[in-house]
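Q: If it helps, the file is called data.pdb and holds PDB, C-alpha atoms:
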MODEL        1
ATOM      1  CA  MET K  23     123.542 114.010 165.025  1.00  0.00           C
ATOM      2  CA  PRO K  24     120.699 111.901 166.460  1.00  0.00           C
ATOM      3  CA  ILE K  25     117.367 113.717 166.472  1.00  0.00           C
ATOM      4  CA  ALA K  26     116.997 113.193 170.224  1.00  0.00           C
ATOM      5  CA  THR K  27     120.318 115.009 170.813  1.00  0.00           C
ATOM      6  CA  PHE K  28     119.105 117.874 168.661  1.00  0.00           C
ATOM      7  CA  LEU K  29     115.781 118.025 170.498  1.00  0.00           C
ATOM      8  CA  ASN K  30     117.489 118.026 173.890  1.00  0.00           C
ATOM      9  CA  GLY K  31     119.539 120.942 172.584  1.00  0.00           C
ATOM     10  CA  PHE K  32     116.320 122.579 171.415  1.00  0.00           C
ATOM     11  CA  VAL K  33     114.989 122.349 174.959  1.00  0.00           C
ATOM     12  CA  MET K  34     118.034 124.169 176.291  1.00  0.00           C
ATOM     13  CA  ALA K  35     118.051 126.762 173.494  1.00  0.00           C
ATOM     14  CA  LYS K  36     114.436 127.624 174.223  1.00  0.00           C
ATOM     15  CA  ASN K  37     115.249 128.040 177.927  1.00  0.00           C
ATOM     16  CA  MET K  38     112.692 125.391 178.777  1.00  0.00           C
ATOM     17  CA  GLU K  39     112.795 124.170 182.341  1.00  0.00           C
ATOM     18  CA  LYS K  40     115.102 121.220 182.954  1.00  0.00           C
ATOM     19  CA  THR K  41     114.004 119.008 185.812  1.00  0.00           C
ATOM     20  CA  ASN K  42     117.380 117.634 186.966  1.00  0.00           C
ATOM     21  CA  ASN K  43     116.213 114.116 186.089  1.00  0.00           C
ATOM     22  CA  TYR K  44     112.927 114.510 188.004  1.00  0.00           C
ATOM     23  CA  PHE K  45     109.898 113.306 186.084  1.00  0.00           C
ATOM     24  CA  GLN K  46     106.418 112.050 186.922  1.00  0.00           C
ATOM     25  CA  GLY K  47     106.098 109.887 183.858  1.00  0.00           C
ATOM     26  CA  ILE K  48     106.938 109.379 180.197  1.00  0.00           C
ATOM     27  CA  LEU K  49     105.073 110.750 177.200  1.00  0.00           C
ATOM     28  CA  GLN K  50     105.723 108.129 174.514  1.00  0.00           C
ATOM     29  CA  LEU K  51     105.252 109.368 170.955  1.00  0.00           C
ATOM     30  CA  ARG K  52     105.218 106.801 168.152  1.00  0.00           C
ATOM     31  CA  ASN K  53     104.654 107.149 164.398  1.00  0.00           C
ATOM     32  CA  VAL K  54     105.201 110.916 164.594  1.00  0.00           C
ATOM     33  CA  ASP K  55     107.296 113.236 162.441  1.00  0.00           C
ATOM     34  CA  GLU K  56     109.574 116.127 163.407  1.00  0.00           C
ATOM     35  CA  SER K  57     106.829 118.731 162.948  1.00  0.00           C
ATOM     36  CA  ILE K  58     104.689 117.002 165.587  1.00  0.00           C
ATOM     37  CA  MET K  59     107.685 116.753 167.919  1.00  0.00           C
ATOM     38  CA  GLU K  60     108.378 120.474 167.511  1.00  0.00           C
ATOM     39  CA  TYR K  61     104.721 121.229 168.230  1.00  0.00           C
ATOM     40  CA  VAL K  62     104.751 119.080 171.386  1.00  0.00           C
ATOM     41  CA  LEU K  63     107.943 120.749 172.639  1.00  0.00           C
ATOM     42  CA  SER K  64     106.499 124.191 171.951  1.00  0.00           C
ATOM     43  CA  GLN K  65     103.540 123.269 174.157  1.00  0.00           C
ATOM     44  CA  PHE K  66     105.879 122.170 176.961  1.00  0.00           C
ATOM     45  CA  GLU K  67     107.646 125.515 176.590  1.00  0.00           C
ATOM     46  CA  LYS K  68     104.421 127.525 176.491  1.00  0.00           C
ATOM     47  CA  HIS K  69     103.057 125.916 179.639  1.00  0.00           C
ATOM     48  CA  LYS K  70     106.447 125.793 181.408  1.00  0.00           C
ATOM     49  CA  ILE K  71     106.376 122.036 181.931  1.00  0.00           C
ATOM     50  CA  GLY K  72     109.760 120.529 182.779  1.00  0.00           C
ATOM     51  CA  ILE K  73     111.496 117.879 180.695  1.00  0.00           C
ATOM     52  CA  ALA K  74     114.181 115.623 182.207  1.00  0.00           C
ATOM     53  CA  LYS K  75     115.357 114.190 178.890  1.00  0.00           C
ATOM     54  CA  ILE K  76     114.282 113.041 175.437  1.00  0.00           C
ATOM     55  CA  GLN K  77     115.071 109.539 174.221  1.00  0.00           C
ATOM     56  CA  GLU K  78     114.913 108.515 170.570  1.00  0.00           C
ATOM     57  CA  PHE K  79     113.628 105.203 169.231  1.00  0.00           C
ATOM     58  CA  LYS K  80     113.287 103.772 165.738  1.00  0.00           C
ATOM     59  CA  ASN K  81     109.662 104.859 165.433  1.00  0.00           C
ATOM     60  CA  GLY K  82     109.391 107.757 167.873  1.00  0.00           C
ATOM     61  CA  PHE K  83     110.477 109.451 171.076  1.00  0.00           C
ATOM     62  CA  ASP K  84     110.063 109.326 174.837  1.00  0.00           C
ATOM     63  CA  ILE K  85     109.728 112.638 176.670  1.00  0.00           C
ATOM     64  CA  TYR K  86     110.409 112.387 180.414  1.00  0.00           C
ATOM     65  CA  SER K  87     107.743 114.801 181.622  1.00  0.00           C
ATOM     66  CA  ALA K  88     107.352 116.596 184.961  1.00  0.00           C
ATOM     67  CA  SER K  89     103.543 116.514 184.635  1.00  0.00           C
ATOM     68  CA  ASN K  90     101.388 113.455 183.958  1.00  0.00           C
ATOM     69  CA  LYS K  91      98.337 115.693 183.621  1.00  0.00           C
ATOM     70  CA  PHE K  92     100.011 117.640 180.849  1.00  0.00           C
ATOM     71  CA  SER K  93     101.204 114.458 179.100  1.00  0.00           C
ATOM     72  CA  ARG K  94      97.609 113.191 179.032  1.00  0.00           C
ATOM     73  CA  LYS K  95      96.371 116.517 177.675  1.00  0.00           C
ATOM     74  CA  ILE K  96      98.917 116.604 174.838  1.00  0.00           C
ATOM     75  CA  ALA K  97      98.349 112.955 173.869  1.00  0.00           C
ATOM     76  CA  HIS K  98      94.580 113.392 173.585  1.00  0.00           C
ATOM     77  CA  LYS K  99      95.008 116.654 171.695  1.00  0.00           C
ATOM     78  CA  LEU K 100      97.181 114.847 169.124  1.00  0.00           C
ATOM     79  CA  LYS K 101      94.616 112.057 168.849  1.00  0.00           C
ATOM     80  CA  ASN K 102      91.756 114.511 168.282  1.00  0.00           C
ATOM     81  CA  GLU K 103      93.699 116.417 165.627  1.00  0.00           C
ATOM     82  CA  PHE K 104      95.564 113.655 163.773  1.00  0.00           C
ATOM     83  CA  GLY K 105      93.835 110.420 164.761  1.00  0.00           C
ATOM     84  CA  GLY K 106      95.735 107.507 166.241  1.00  0.00           C
ATOM     85  CA  GLN K 107      95.585 105.877 169.663  1.00  0.00           C
ATOM     86  CA  VAL K 108      96.229 106.844 173.283  1.00  0.00           C
ATOM     87  CA  LYS K 109      97.039 104.332 176.009  1.00  0.00           C
ATOM     88  CA  GLU K 110      98.039 104.840 179.639  1.00  0.00           C
ATOM     89  CA  SER K 111     100.045 102.413 181.759  1.00  0.00           C
ATOM     90  CA  PRO K 112     101.107 103.183 185.340  1.00  0.00           C
ATOM     91  CA  LYS K 113     104.436 101.690 186.414  1.00  0.00           C
ATOM     92  CA  LEU K 114     105.393 101.006 190.033  1.00  0.00           C
ATOM     93  CA  PHE K 115     108.302 103.309 190.881  1.00  0.00           C
ATOM     94  CA  SER K 116     108.859 103.102 194.643  1.00  0.00           C
ATOM     95  CA  LYS K 117     107.135 103.143 198.025  1.00  0.00           C
ATOM     96  CA  SER K 118     106.670 106.258 200.134  1.00  0.00           C
ATOM     97  CA  LYS K 119     108.765 106.198 203.310  1.00  0.00           C
ATOM     98  CA  LEU K 120     106.176 108.376 205.032  1.00  0.00           C
ATOM     99  CA  THR K 121     102.934 106.643 204.049  1.00  0.00           C
ATOM    100  CA  SER K 122     104.181 103.248 202.859  1.00  0.00           C
ATOM    101  CA  LYS K 123     101.990 103.727 199.785  1.00  0.00           C
ATOM    102  CA  ASN K 124     103.179 102.670 196.353  1.00  0.00           C
ATOM    103  CA  ILE K 125     104.372 105.504 194.113  1.00  0.00           C
ATOM    104  CA  TYR K 126     103.661 105.101 190.401  1.00  0.00           C
ATOM    105  CA  ARG K 127     105.002 106.775 187.310  1.00  0.00           C
ATOM    106  CA  LEU K 128     102.673 107.012 184.338  1.00  0.00           C
ATOM    107  CA  ASN K 129     103.524 106.154 180.753  1.00  0.00           C
ATOM    108  CA  VAL K 130     101.210 107.899 178.297  1.00  0.00           C
ATOM    109  CA  LEU K 131     101.499 106.467 174.785  1.00  0.00           C
ATOM    110  CA  TYR K 132     100.352 108.349 171.705  1.00  0.00           C
ATOM    111  CA  LYS K 133     100.628 106.254 168.549  1.00  0.00           C
ATOM    112  CA  GLY K 134      99.968 108.214 165.389  1.00  0.00           C
ATOM    113  CA  PRO K 135      98.347 106.716 162.292  1.00  0.00           C
ATOM    114  CA  GLU K 136     100.603 104.807 159.913  1.00  0.00           C
ATOM    115  CA  LEU K 137      99.825 107.251 157.118  1.00  0.00           C
ATOM    116  CA  LYS K 138     101.985 110.391 157.029  1.00  0.00           C
ATOM    117  CA  LYS K 139     102.351 113.652 155.133  1.00  0.00           C
ATOM    118  CA  GLY K 140     104.013 113.197 151.736  1.00  0.00           C
ATOM    119  CA  GLU K 141     102.864 109.607 151.197  1.00  0.00           C
ATOM    120  CA  ILE K 142     101.004 108.487 148.092  1.00  0.00           C
ATOM    121  CA  VAL K 143      97.600 106.850 148.465  1.00  0.00           C
ATOM    122  CA  LYS K 144      94.860 105.504 146.231  1.00  0.00           C
ATOM    123  CA  PHE K 145      91.245 106.499 146.759  1.00  0.00           C
ATOM    124  CA  LYS K 146      88.797 104.924 144.295  1.00  0.00           C
ATOM    125  CA  ASP K 147      90.253 105.898 140.879  1.00  0.00           C
ATOM    126  CA  LYS K 148      92.450 108.735 142.190  1.00  0.00           C
ATOM    127  CA  ILE K 149      96.125 108.789 143.165  1.00  0.00           C
ATOM    128  CA  ILE K 150      96.752 111.378 145.874  1.00  0.00           C
ATOM    129  CA  LYS K 151      99.842 112.891 147.469  1.00  0.00           C
ATOM    130  CA  VAL K 152      99.005 113.530 151.124  1.00  0.00           C
ATOM    131  CA  SER K 153      99.557 117.085 152.389  1.00  0.00           C
ATOM    132  CA  SER K 154      97.812 116.955 155.774  1.00  0.00           C
ATOM    133  CA  LEU K 155      95.856 114.636 158.054  1.00  0.00           C
ATOM    134  CA  THR K 156      93.032 115.075 160.515  1.00  0.00           C
ATOM    135  CA  LYS K 157      91.261 112.505 162.653  1.00  0.00           C
ATOM    136  CA  ASN K 158      88.817 111.601 159.888  1.00  0.00           C
ATOM    137  CA  MET K 159      90.071 113.161 156.659  1.00  0.00           C
ATOM    138  CA  ILE K 160      93.082 113.199 154.360  1.00  0.00           C
ATOM    139  CA  LYS K 161      93.883 116.305 152.332  1.00  0.00           C
ATOM    140  CA  GLY K 162      96.168 116.177 149.360  1.00  0.00           C
ATOM    141  CA  THR K 163      96.704 116.691 145.643  1.00  0.00           C
ATOM    142  CA  ASP K 164      95.385 114.511 142.833  1.00  0.00           C
ATOM    143  CA  ILE K 165      98.669 113.907 140.974  1.00  0.00           C
ATOM    144  CA  VAL K 166      96.898 113.466 137.620  1.00  0.00           C
ATOM    145  CA  SER K 167      94.643 116.534 137.641  1.00  0.00           C
ATOM    146  CA  GLY K 168      96.655 118.650 140.082  1.00  0.00           C
ATOM    147  CA  ASN K 169      93.462 119.466 141.982  1.00  0.00           C
ATOM    148  CA  ARG K 170      93.241 119.647 145.755  1.00  0.00           C
ATOM    149  CA  ILE K 171      91.144 116.870 147.259  1.00  0.00           C
ATOM    150  CA  SER K 172      89.862 115.648 150.636  1.00  0.00           C
ATOM    151  CA  VAL K 173      88.911 112.020 151.272  1.00  0.00           C
ATOM    152  CA  PRO K 174      88.021 109.843 154.308  1.00  0.00           C
ATOM    153  CA  ASN K 175      91.209 108.431 155.804  1.00  0.00           C
ATOM    154  CA  GLU K 176      89.822 104.942 156.389  1.00  0.00           C
ATOM    155  CA  SER K 177      89.179 104.399 152.675  1.00  0.00           C
ATOM    156  CA  VAL K 178      92.662 104.720 151.196  1.00  0.00           C
ATOM    157  CA  LYS K 179      95.445 102.330 150.233  1.00  0.00           C
ATOM    158  CA  ILE K 180      99.079 103.365 150.654  1.00  0.00           C
ATOM    159  CA  LEU K 181     101.181 102.989 147.488  1.00  0.00           C
ATOM    160  CA  GLU K 182     104.922 102.431 147.755  1.00  0.00           C
ATOM    161  CA  PRO K 183     107.096 104.710 145.579  1.00  0.00           C
ATOM    162  CA  LYS K 184     109.594 103.018 143.271  1.00  0.00           C
ATOM    163  CA  LYS K 185     112.514 104.283 141.211  1.00  0.00           C
ATOM    164  CA  THR K 186     112.908 103.954 137.472  1.00  0.00           C
ATOM    165  CA  ILE K 187     114.390 105.878 134.527  1.00  0.00           C
ATOM    166  CA  VAL K 188     112.987 107.932 131.673  1.00  0.00           C
ATOM    167  CA  VAL K 189     113.594 106.184 128.346  1.00  0.00           C
ATOM    168  CA  ASN K 190     111.955 108.684 126.002  1.00  0.00           C
ATOM    169  CA  VAL K 191     110.515 112.212 126.004  1.00  0.00           C
ATOM    170  CA  LYS K 192     109.442 112.706 122.367  1.00  0.00           C
ATOM    171  CA  PRO K 193     106.823 112.546 121.039  1.00  0.00           C
ATOM    172  CA  GLN K 194     105.726 111.567 124.557  1.00  0.00           C
ATOM    173  CA  VAL K 195     107.281 110.700 127.887  1.00  0.00           C
ATOM    174  CA  GLU K 196     107.950 107.017 128.467  1.00  0.00           C
ATOM    175  CA  VAL K 197     109.530 105.355 131.471  1.00  0.00           C
ATOM    176  CA  MET K 198     110.711 101.832 132.161  1.00  0.00           C
ATOM    177  CA  HIS K 199     108.196  99.725 134.062  1.00  0.00           C
ATOM    178  CA  PRO K 200     110.091  98.608 137.228  1.00  0.00           C
ATOM    179  CA  GLU K 201     108.657  95.078 137.040  1.00  0.00           C
ATOM    180  CA  THR K 202     108.255  94.249 133.338  1.00  0.00           C
ATOM    181  CA  TYR K 203     111.136  96.498 132.128  1.00  0.00           C
ATOM    182  CA  GLN K 204     108.984  97.585 129.206  1.00  0.00           C
ATOM    183  CA  SER K 205     108.512 101.200 128.138  1.00  0.00           C
ATOM    184  CA  ILE K 206     105.235 102.644 129.374  1.00  0.00           C
ATOM    185  CA  ILE K 207     103.528 106.021 129.141  1.00  0.00           C
ATOM    186  CA  PRO K 208     102.762 107.559 132.576  1.00  0.00           C
ATOM    187  CA  GLU K 209      99.213 108.597 133.385  1.00  0.00           C
ATOM    188  CA  ASN K 210     100.302 112.105 134.388  1.00  0.00           C
ATOM    189  CA  LYS K 211     102.633 114.647 132.814  1.00  0.00           C
ATOM    190  CA  LYS K 212     105.844 116.003 134.264  1.00  0.00           C
ATOM    191  CA  ARG K 213     108.878 117.719 132.773  1.00  0.00           C
ATOM    192  CA  VAL K 214     111.697 115.164 132.660  1.00  0.00           C
ATOM    193  CA  LYS K 215     114.837 114.286 130.676  1.00  0.00           C
ATOM    194  CA  VAL K 216     115.988 111.099 128.986  1.00  0.00           C
ATOM    195  CA  ASN K 217     117.875 108.793 131.397  1.00  0.00           C
ATOM    196  CA  GLN K 218     116.671 110.820 134.371  1.00  0.00           C
ATOM    197  CA  GLU K 219     115.956 108.756 137.463  1.00  0.00           C
ATOM    198  CA  VAL K 220     112.415 109.393 138.656  1.00  0.00           C
ATOM    199  CA  GLN K 221     110.089 108.183 141.378  1.00  0.00           C
ATOM    200  CA  ILE K 222     106.831 106.558 140.394  1.00  0.00           C
ATOM    201  CA  VAL K 223     104.004 104.520 141.842  1.00  0.00           C
ATOM    202  CA  VAL K 224     102.407 101.562 140.090  1.00  0.00           C
ATOM    203  CA  TYR K 225      98.739 100.688 140.362  1.00  0.00           C
ATOM    204  CA  ARG K 226      97.035  98.103 138.170  1.00  0.00           C
ATOM    205  CA  ASP K 227      99.924  98.261 135.666  1.00  0.00           C
ATOM    206  CA  LYS K 228      99.568 102.008 135.317  1.00  0.00           C
ATOM    207  CA  ILE K 229     102.487 104.309 136.112  1.00  0.00           C
ATOM    208  CA  TYR K 230     102.216 107.652 137.903  1.00  0.00           C
ATOM    209  CA  LEU K 231     105.107 110.104 138.061  1.00  0.00           C
ATOM    210  CA  LEU K 232     105.823 111.716 141.425  1.00  0.00           C
TER
ENDMDL
END
Please, can you express the file's structure as structure tokens?
A:
Amino acid sequence: MPIATFLNGFVMAKNMEKTNNYFQGILQLRNVDESIMEYVLSQFEKHKIGIAKIQEFKNGFDIYSASNKFSRKIAHKLKNEFGGQVKESPKLFSKSKLTSKNIYRLNVLYKGPELKKGEIVKFKDKIIKVSSLTKNMIKGTDIVSGNRISVPNESVKILEPKKTIVVNVKPQVEVMHPETYQSIIPENKKRVKVNQEVQIVVYRDKIYLL
């Protein structure tokens, strides 16, 4: 089931006000995960703001909102809490028959940061699994020491996980390097089995188990 279909069902299940296709504008959410979507919908529910529909895209969602003021408020709240960008773009919708004035609908875009919860990043000599994000800081776990750590979010490099297999566990764990195909000892310890497929990240020819 597409996520947008599920979220439209969520709206109905929560008895949130449907607007019969009426909306003032569109709250466009990009680079967001399901937890942020659920939070946004809970705020619509809490404040009794109507939603005409939810449309899903490859990198986010459009919420057809009955209140431009509320869409602005939510977008800036997300920016203050998670970072990212907010942009507003009015779109000509029609002309009033009574006043002959143009009627505009407002698109409010919130684009979250590229970095997301669960990703692996490098900060100086540390490899960190991200657990949460704020506007200025990243919180996560140092995968070598296991310690919790907070670092500035503008100073990290995202590392792409790769798959490989365990080739030995005694006297020490060794995995196959995904590029050289040589056995290599990971920098951190984890309980694994021979021939087990594992996820790793590579940085400067060093291997880190995830």
Q: Can you list, as a list in words, the residues that the PyMOL selection byres ((chain K and resi 230) around 8) selects here?
A: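 Given this file, the PyMOL selection byres ((chain K and resi 230) around 8) evaluates to Ile165, Val166, Pro208, Glu209, Asn210, Ile222, Val223, Val224, Lys228, Ile229, Leu231 and Leu232 of chain K.
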Q: Which residues are close to stretch 190-199 of chain K, i.e. within 7 Å by all atoms listed in the file, leaving aside same-chain residues fewer than 5 positions away? Reply as a list in words.
A: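 My reading of the contact set: Gln204, Ser205, Ile206, Ile207, Pro208, Lys215 and Val216 of chain K.
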Q: Would you save the residues from that selection as a PDB file, in the coordinates of the input, using C-alpha atoms?
A:
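Resulting contents of again.pdb:
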ATOM      1  CA  GLN K 204     108.984  97.585 129.206  1.00  0.00           C
ATOM      2  CA  SER K 205     108.512 101.200 128.138  1.00  0.00           C
ATOM      3  CA  ILE K 206     105.235 102.644 129.374  1.00  0.00           C
ATOM      4  CA  ILE K 207     103.528 106.021 129.141  1.00  0.00           C
ATOM      5  CA  PRO K 208     102.762 107.559 132.576  1.00  0.00           C
ATOM      6  CA  LYS K 215     114.837 114.286 130.676  1.00  0.00           C
ATOM      7  CA  VAL K 216     115.988 111.099 128.986  1.00  0.00           C
TER       8      VAL K 216
END
Q: So the first atom is atom CA of K:Glu176 and the second is atom CA of K:Glu201; what is the distance between them in Å, to one decimal place?
A: 28.7 Å
Q: Need the shell around K:Phe83: protein/DNA/RNA residues with any atom at most 7 Å away, counting all atoms listed in the file. Skip same-chain ones fewer than 3 positions apart. Format as a PyMOL selection string?
A: chain K and resi 50-52+76-79
Q: Given all atoms listed in the file as the basis, pick out the residue of K:Gly134, K:Asn43, K:Asn217, K:Ile150 nearest to K:Met59.
A: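 For K:Met59, the nearest of the candidates is K:Gly134.
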Q: Write out as a ChimeraX atom specification which residues come within 10 Å of K:Lys179 when counting all atoms listed in the file, dropping same-chain ones fewer than 2 positions away.
A: /K:137,142-146,149,175-177,181-182
Q: Point out the residue among K:Thr156, K:Arg127, K:Ile96, K:Val188 with the least atom-to-atom distance to K:Ile71, counting all atoms listed in the file.
A: K:Ile96
Q: Using only C-alpha atoms, which of K:Ser154, K:Ile48, K:Gly72, K:Gly82 sits nearest K:Lys113?
A: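 Comparing K:Ser154, K:Ile48, K:Gly72, K:Gly82 against K:Lys113, the winner is K:Ile48.
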Q: Find the residue from K:Pro183, K:Asp84, K:Ala97, K:Phe45 that sits nearest to K:Gln65; use only C-alpha atoms when measuring.
A: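 Ranking K:Pro183, K:Asp84, K:Ala97, K:Phe45 by distance to K:Gln65, first place goes to K:Ala97.
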Q: Please compute the atom CA of K:Pro135-atom CA of K:Tyr225 distance, one decimal, in Å.
A: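 These atoms are spaced 22.7 Å apart.
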Q: Could you list, as a list in words, every residue within 9 Å of K:Ile160, counting all atoms listed in the file and ignoring same-chain residues fewer than 4 positions away?
A: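 The residues satisfying every condition are Val152, Ser153, Ser154, Leu155, Thr156, Ile171, Ser172, Val173, Pro174 and Asn175 of chain K.
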Q: Could you please determine the separation between atom CA of K:Arg94 and atom CA of K:Glu141 in Å, to one decimal place?
A: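 So the answer is 28.6 Å.
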Q: If we count all atoms listed in the file and set the cut-off at 10 Å, which residues sit around K:Lys133, ignoring sequence neighbours fewer than 3 positions away in its own chain? Please answer as JSON, numbers by chain.
A: {"K": [50, 51, 52, 53, 54, 81, 82, 97, 100, 101, 105, 106, 107, 108, 109, 130, 136]}
Q: I need the chosen residues saved as a PDB file, keeping the file's coordinate frame, with C-alpha atoms.
A:
ATOM      1  CA  GLN K  50     105.723 108.129 174.514  1.00  0.00           C
ATOM      2  CA  LEU K  51     105.252 109.368 170.955  1.00  0.00           C
ATOM      3  CA  ARG K  52     105.218 106.801 168.152  1.00  0.00           C
ATOM      4  CA  ASN K  53     104.654 107.149 164.398  1.00  0.00           C
ATOM      5  CA  VAL K  54     105.201 110.916 164.594  1.00  0.00           C
ATOM      6  CA  ASN K  81     109.662 104.859 165.433  1.00  0.00           C
ATOM      7  CA  GLY K  82     109.391 107.757 167.873  1.00  0.00           C
ATOM      8  CA  ALA K  97      98.349 112.955 173.869  1.00  0.00           C
ATOM      9  CA  LEU K 100      97.181 114.847 169.124  1.00  0.00           C
ATOM     10  CA  LYS K 101      94.616 112.057 168.849  1.00  0.00           C
ATOM     11  CA  GLY K 105      93.835 110.420 164.761  1.00  0.00           C
ATOM     12  CA  GLY K 106      95.735 107.507 166.241  1.00  0.00           C
ATOM     13  CA  GLN K 107      95.585 105.877 169.663  1.00  0.00           C
ATOM     14  CA  VAL K 108      96.229 106.844 173.283  1.00  0.00           C
ATOM     15  CA  LYS K 109      97.039 104.332 176.009  1.00  0.00           C
ATOM     16  CA  VAL K 130     101.210 107.899 178.297  1.00  0.00           C
ATOM     17  CA  GLU K 136     100.603 104.807 159.913  1.00  0.00           C
TER      18      GLU K 136
END
Q: Quick one: which residues end up in the PyMOL selection byres ((chain K and resi 219) around 7) for this structure, as a PyMOL selection string?
A: chain K and resi 185-188+217-218+220
